[in-house]
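Q: So that we are looking at the same thing, I have put the structure below in structure tokens.
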Amino acid sequence: MFKTISKFMFMVKVGLKYVKIFKQTFFHPYITKKSSTTQLSQDRQSYSNKILEYLNIEVEVIGEIPSRDRILYAINHRSLLDIIVMEHIFSNSNKNGTWIAKQELFESFIYGDFFKYSGCIGVDLESKRGLLSFFKEIKSVFSKVDNFNIYMFPEGERYKEEGIGEFQSGASKIAKSNKLEVIPVFINDSLEKVFEDAPYKEKRKVQVHIGEVISHKNLENEYIEFMNQAKGKSIE
């Protein structure tokens, strides 16, 4: 119980500190869109690296993050740690990008300001006007930022069973409308359990598999094929 309370207190304390840092960029009156997205990406990555260091979790990457940009990373979603683990990986590749998240997360009492000011893009799936505004915003960002990427959980929410949940259509539509390559990412661990047991006295390793380009036209089936191949690789 004490370990759990201490963990959340640490994360909230660091999170509040970074919300203030995010706001300096978010509300900057003269910063360009490219500079803004780059700075917010770096700050999210810095936050994530601090959290992983505190939890004593090491990330082993199998595969490579491409050096090119204009990519949609399709990632399975099992835990609150997923974003933190991926931001750590993107930090090692100097990637500039943002997360697509449900609008309700921006209104959350605990995480709302973090999502709102860290450069994430919200989408209201229940509103046609909200969806139209969402796609316009993404197109606008790509028109102004040449080294931008999108990070998404195509399942739309955390999936607690084996494998993956059914993919929603958003990832395919975003990739198609913005002419983005799709790179599949499989986090090969039950990160929710890993998170529950953290922080660790000894280093705890988790594996993340990065695949090759797959088609947005057949995203779910090709992702499943990639995932099964990743699962078949040995875990030391």
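Residues are referred to by chain and number: the chain letter is A, B, ... according to the order shown in the structure tokens, the number counts from 1 in that chain, and ligands are numbered separately from 1 in the order shown.
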Using backbone DSSP assignments, extract all strand (DSSP E or B) residues from stretch 58-133 of chain A; output them as a ChimeraX atom specification.
A: /A:58-62,71-75,96-102,121-123
Q: May I have the residues from that selection written out with C-alpha atoms, as an mmCIF file, in the first residue's frame?
A:
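The result, stored in part_38.cif:
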data_model
loop_
_atom_site.group_PDB
_atom_site.id
_atom_site.type_symbol
_atom_site.label_atom_id
_atom_site.label_comp_id
_atom_site.auth_asym_id
_atom_site.auth_seq_id
_atom_site.Cartn_x
_atom_site.Cartn_y
_atom_site.Cartn_z
ATOM 1 C CA GLU A 58 14.426 -0.832 -18.664
ATOM 2 C CA VAL A 59 13.062 -0.927 -22.219
ATOM 3 C CA GLU A 60 14.517 -3.358 -24.736
ATOM 4 C CA VAL A 61 13.679 -2.436 -28.318
ATOM 5 C CA ILE A 62 13.527 -5.201 -30.923
ATOM 6 C CA ILE A 71 4.733 8.090 -39.833
ATOM 7 C CA LEU A 72 1.749 6.848 -37.870
ATOM 8 C CA TYR A 73 2.871 4.473 -35.133
ATOM 9 C CA ALA A 74 0.129 1.903 -34.410
ATOM 10 C CA ILE A 75 0.649 0.640 -30.851
ATOM 11 C CA ASN A 96 8.818 14.870 -32.888
ATOM 12 C CA GLY A 97 5.151 13.902 -32.748
ATOM 13 C CA THR A 98 1.990 13.711 -30.716
ATOM 14 C CA TRP A 99 -0.584 11.350 -29.270
ATOM 15 C CA ILE A 100 -4.170 11.086 -30.421
ATOM 16 C CA ALA A 101 -6.478 10.698 -27.416
ATOM 17 C CA LYS A 102 -10.174 10.716 -26.625
ATOM 18 C CA ILE A 121 -4.595 16.131 -29.964
ATOM 19 C CA GLY A 122 -8.059 15.260 -28.690
ATOM 20 C CA VAL A 123 -10.890 13.762 -30.712
#
Q: Any chance you could tabulate, as JSON lines, the residues of stretch 80-139 of chain A at most 12 Å from stretch 191-204 of chain A with each one's nearest atom pair and distance in Å to one decimal, using only C-alpha atoms, in chain and rising number order?
A:
{"residue": "A:Leu80", "atom": "CA", "partner": "A:Glu192", "partner_atom": "CA", "distance": 7.1}
{"residue": "A:Leu81", "atom": "CA", "partner": "A:Leu191", "partner_atom": "CA", "distance": 6.4}
{"residue": "A:Asp82", "atom": "CA", "partner": "A:Leu191", "partner_atom": "CA", "distance": 7.3}
{"residue": "A:Ile83", "atom": "CA", "partner": "A:Leu191", "partner_atom": "CA", "distance": 10.9}
{"residue": "A:Ile84", "atom": "CA", "partner": "A:Leu191", "partner_atom": "CA", "distance": 10.8}
{"residue": "A:Val85", "atom": "CA", "partner": "A:Leu191", "partner_atom": "CA", "distance": 9.6}
Q: Mind writing the picked residues with C-alpha atoms as a compact mmCIF listing (two decimals), in the first residue's frame?
A:
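Result went into selection.txt, see below:
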# COMPACT_ATOMS: atom_id res chain seq x y z
CA LEU A 80 -0.91 3.58 -18.40
CA LEU A 81 2.78 2.84 -18.90
CA ASP A 82 2.41 2.42 -22.67
CA ILE A 83 2.77 6.13 -23.43
CA ILE A 84 5.68 6.49 -21.01
CA VAL A 85 7.53 3.51 -22.50
Q: For atom CA of A:Leu40 and atom CA of A:Ser6, quote the distance in Å rounded to one decimal.
A: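 These two atoms are separated by 26.7 Å.
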Q: So how far away is atom CA of A:Gln207 from atom CA of A:Asn188, in Å?
A: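 Interatomic distance, atom CA of A:Asn188 to atom CA of A:Gln207: 5.4 Å.
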Q: Using only C-alpha atoms, can you tell me which of A:Ile110, A:Asn49, A:Glu104, A:Glu157 comes closest to A:His88?
A: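 Looking at the shortest contact to A:His88, the residue is A:Asn49.
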Q: Would you kindly return, as number ranges by chain, each protein, DNA or RNA residue with an atom no farther than 9 Å from any atom of A:Thr25, considering only C-alpha atoms and excluding same-chain residues fewer than 4 positions away?
A: A: 21, 29, 31, 35-37, 39-40, 117-118
Q: May I have the residues from that selection written out with N, CA and C atoms, as a PDB file, in the first residue's frame?
A:
ATOM      1  N   ILE A  21       5.825  23.369 -17.212  1.00  0.00           N
ATOM      2  CA  ILE A  21       6.802  23.465 -18.304  1.00  0.00           C
ATOM      3  C   ILE A  21       6.086  23.466 -19.649  1.00  0.00           C
ATOM      4  N   PRO A  29       3.719  33.296 -27.115  1.00  0.00           N
ATOM      5  CA  PRO A  29       3.041  34.092 -28.151  1.00  0.00           C
ATOM      6  C   PRO A  29       3.731  34.109 -29.508  1.00  0.00           C
ATOM      7  N   ILE A  31       6.193  31.532 -30.680  1.00  0.00           N
ATOM      8  CA  ILE A  31       6.839  30.293 -31.100  1.00  0.00           C
ATOM      9  C   ILE A  31       6.162  29.725 -32.347  1.00  0.00           C
ATOM     10  N   SER A  35       8.605  24.526 -33.832  1.00  0.00           N
ATOM     11  CA  SER A  35       9.363  24.658 -32.581  1.00  0.00           C
ATOM     12  C   SER A  35       8.520  24.211 -31.392  1.00  0.00           C
ATOM     13  N   SER A  36       7.235  24.529 -31.439  1.00  0.00           N
ATOM     14  CA  SER A  36       6.335  24.153 -30.350  1.00  0.00           C
ATOM     15  C   SER A  36       6.194  22.640 -30.235  1.00  0.00           C
ATOM     16  N   THR A  37       5.931  21.963 -31.354  1.00  0.00           N
ATOM     17  CA  THR A  37       5.761  20.506 -31.303  1.00  0.00           C
ATOM     18  C   THR A  37       7.053  19.812 -30.892  1.00  0.00           C
ATOM     19  N   GLN A  39       9.501  21.098 -28.957  1.00  0.00           N
ATOM     20  CA  GLN A  39       9.752  21.333 -27.535  1.00  0.00           C
ATOM     21  C   GLN A  39       8.823  20.489 -26.661  1.00  0.00           C
ATOM     22  N   LEU A  40       7.554  20.431 -27.016  1.00  0.00           N
ATOM     23  CA  LEU A  40       6.607  19.649 -26.218  1.00  0.00           C
ATOM     24  C   LEU A  40       6.935  18.156 -26.283  1.00  0.00           C
ATOM     25  N   TYR A 117      -2.009  20.419 -22.366  1.00  0.00           N
ATOM     26  CA  TYR A 117      -0.907  21.350 -22.596  1.00  0.00           C
ATOM     27  C   TYR A 117       0.372  20.693 -23.114  1.00  0.00           C
ATOM     28  N   SER A 118       0.387  19.361 -23.229  1.00  0.00           N
ATOM     29  CA  SER A 118       1.612  18.682 -23.668  1.00  0.00           C
ATOM     30  C   SER A 118       1.655  18.462 -25.171  1.00  0.00           C
TER      31      SER A 118
END
Q: Skip stretch 125-141 of chain A itself and residues of its chain fewer than 6 positions away, then list as a list in words all residues within 8 Å of it, counting only C-alpha atoms.
A: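 Close residues of stretch 125-141 of chain A: Lys33, Lys102, Phe148, Ile174 and Asn178 of chain A.
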Q: Keeping only N, CA and C atoms, write the selected residues as a short mmCIF file (atom, residue, chain, number, x, y, z; two decimals), in the first residue's frame.
A:
data_model
loop_
_atom_site.label_atom_id
_atom_site.label_comp_id
_atom_site.auth_asym_id
_atom_site.auth_seq_id
_atom_site.Cartn_x
_atom_site.Cartn_y
_atom_site.Cartn_z
N LYS A 33 4.97 26.65 -35.00
CA LYS A 33 4.36 25.34 -34.76
C LYS A 33 5.41 24.25 -34.70
N LYS A 102 -8.76 10.35 -26.75
CA LYS A 102 -10.17 10.72 -26.62
C LYS A 102 -10.30 12.04 -25.89
N PHE A 148 7.06 15.67 -38.41
CA PHE A 148 6.03 15.31 -37.45
C PHE A 148 5.60 13.85 -37.60
N ILE A 174 -6.65 8.43 -40.70
CA ILE A 174 -5.62 9.45 -40.52
C ILE A 174 -4.44 9.19 -41.46
N ASN A 178 -3.58 11.76 -44.73
CA ASN A 178 -2.34 12.53 -44.62
C ASN A 178 -1.15 11.86 -45.30
#
Q: Select from stretch 83-186 of chain A every residue with an atom at most 6 Å from any atom of stretch 210-230 of chain A, then for each give the shortest pair of atoms and their distance in Å to one decimal, using only C-alpha atoms, rows by chain and rising number, as JSON lines.
A:
{"residue": "A:Ser172", "atom": "CA", "partner": "A:His216", "partner_atom": "CA", "distance": 4.9}
{"residue": "A:Val182", "atom": "CA", "partner": "A:Val213", "partner_atom": "CA", "distance": 5.5}
{"residue": "A:Ile183", "atom": "CA", "partner": "A:Val213", "partner_atom": "CA", "distance": 4.9}
{"residue": "A:Pro184", "atom": "CA", "partner": "A:Gly211", "partner_atom": "CA", "distance": 5.2}
{"residue": "A:Val185", "atom": "CA", "partner": "A:Ile210", "partner_atom": "CA", "distance": 4.8}
Q: What are the DSSP helix (DSSP H, G or I) residues of stretch 60-127 of chain A, as a ChimeraX atom specification?
A: /A:81-92,103-106,112-117
Q: Could you turn the residues from that selection into a file that holds C-alpha atoms, as a PDB file, in the first residue's frame?
A:
ATOM      1  CA  LEU A  81       2.779   2.841 -18.899  1.00  0.00           C
ATOM      2  CA  ASP A  82       2.408   2.422 -22.673  1.00  0.00           C
ATOM      3  CA  ILE A  83       2.770   6.128 -23.427  1.00  0.00           C
ATOM      4  CA  ILE A  84       5.682   6.487 -21.009  1.00  0.00           C
ATOM      5  CA  VAL A  85       7.535   3.514 -22.496  1.00  0.00           C
ATOM      6  CA  MET A  86       6.999   4.759 -26.046  1.00  0.00           C
ATOM      7  CA  GLU A  87       8.056   8.328 -25.234  1.00  0.00           C
ATOM      8  CA  HIS A  88      11.271   6.885 -23.822  1.00  0.00           C
ATOM      9  CA  ILE A  89      11.885   5.058 -27.109  1.00  0.00           C
ATOM     10  CA  PHE A  90      11.076   8.165 -29.152  1.00  0.00           C
ATOM     11  CA  SER A  91      13.474  10.187 -26.996  1.00  0.00           C
ATOM     12  CA  ASN A  92      16.333   7.934 -28.093  1.00  0.00           C
ATOM     13  CA  GLN A 103     -11.478  14.146 -25.728  1.00  0.00           C
ATOM     14  CA  GLU A 104     -12.634  12.873 -22.332  1.00  0.00           C
ATOM     15  CA  LEU A 105      -9.017  12.461 -21.232  1.00  0.00           C
ATOM     16  CA  PHE A 106      -8.494  16.204 -21.707  1.00  0.00           C
ATOM     17  CA  GLY A 112      -6.581  16.619 -18.117  1.00  0.00           C
ATOM     18  CA  ASP A 113      -4.022  19.421 -17.985  1.00  0.00           C
ATOM     19  CA  PHE A 114      -1.196  17.039 -18.868  1.00  0.00           C
ATOM     20  CA  PHE A 115      -2.911  15.993 -22.103  1.00  0.00           C
ATOM     21  CA  LYS A 116      -4.196  19.486 -22.837  1.00  0.00           C
ATOM     22  CA  TYR A 117      -0.907  21.350 -22.596  1.00  0.00           C
TER      23      TYR A 117
END
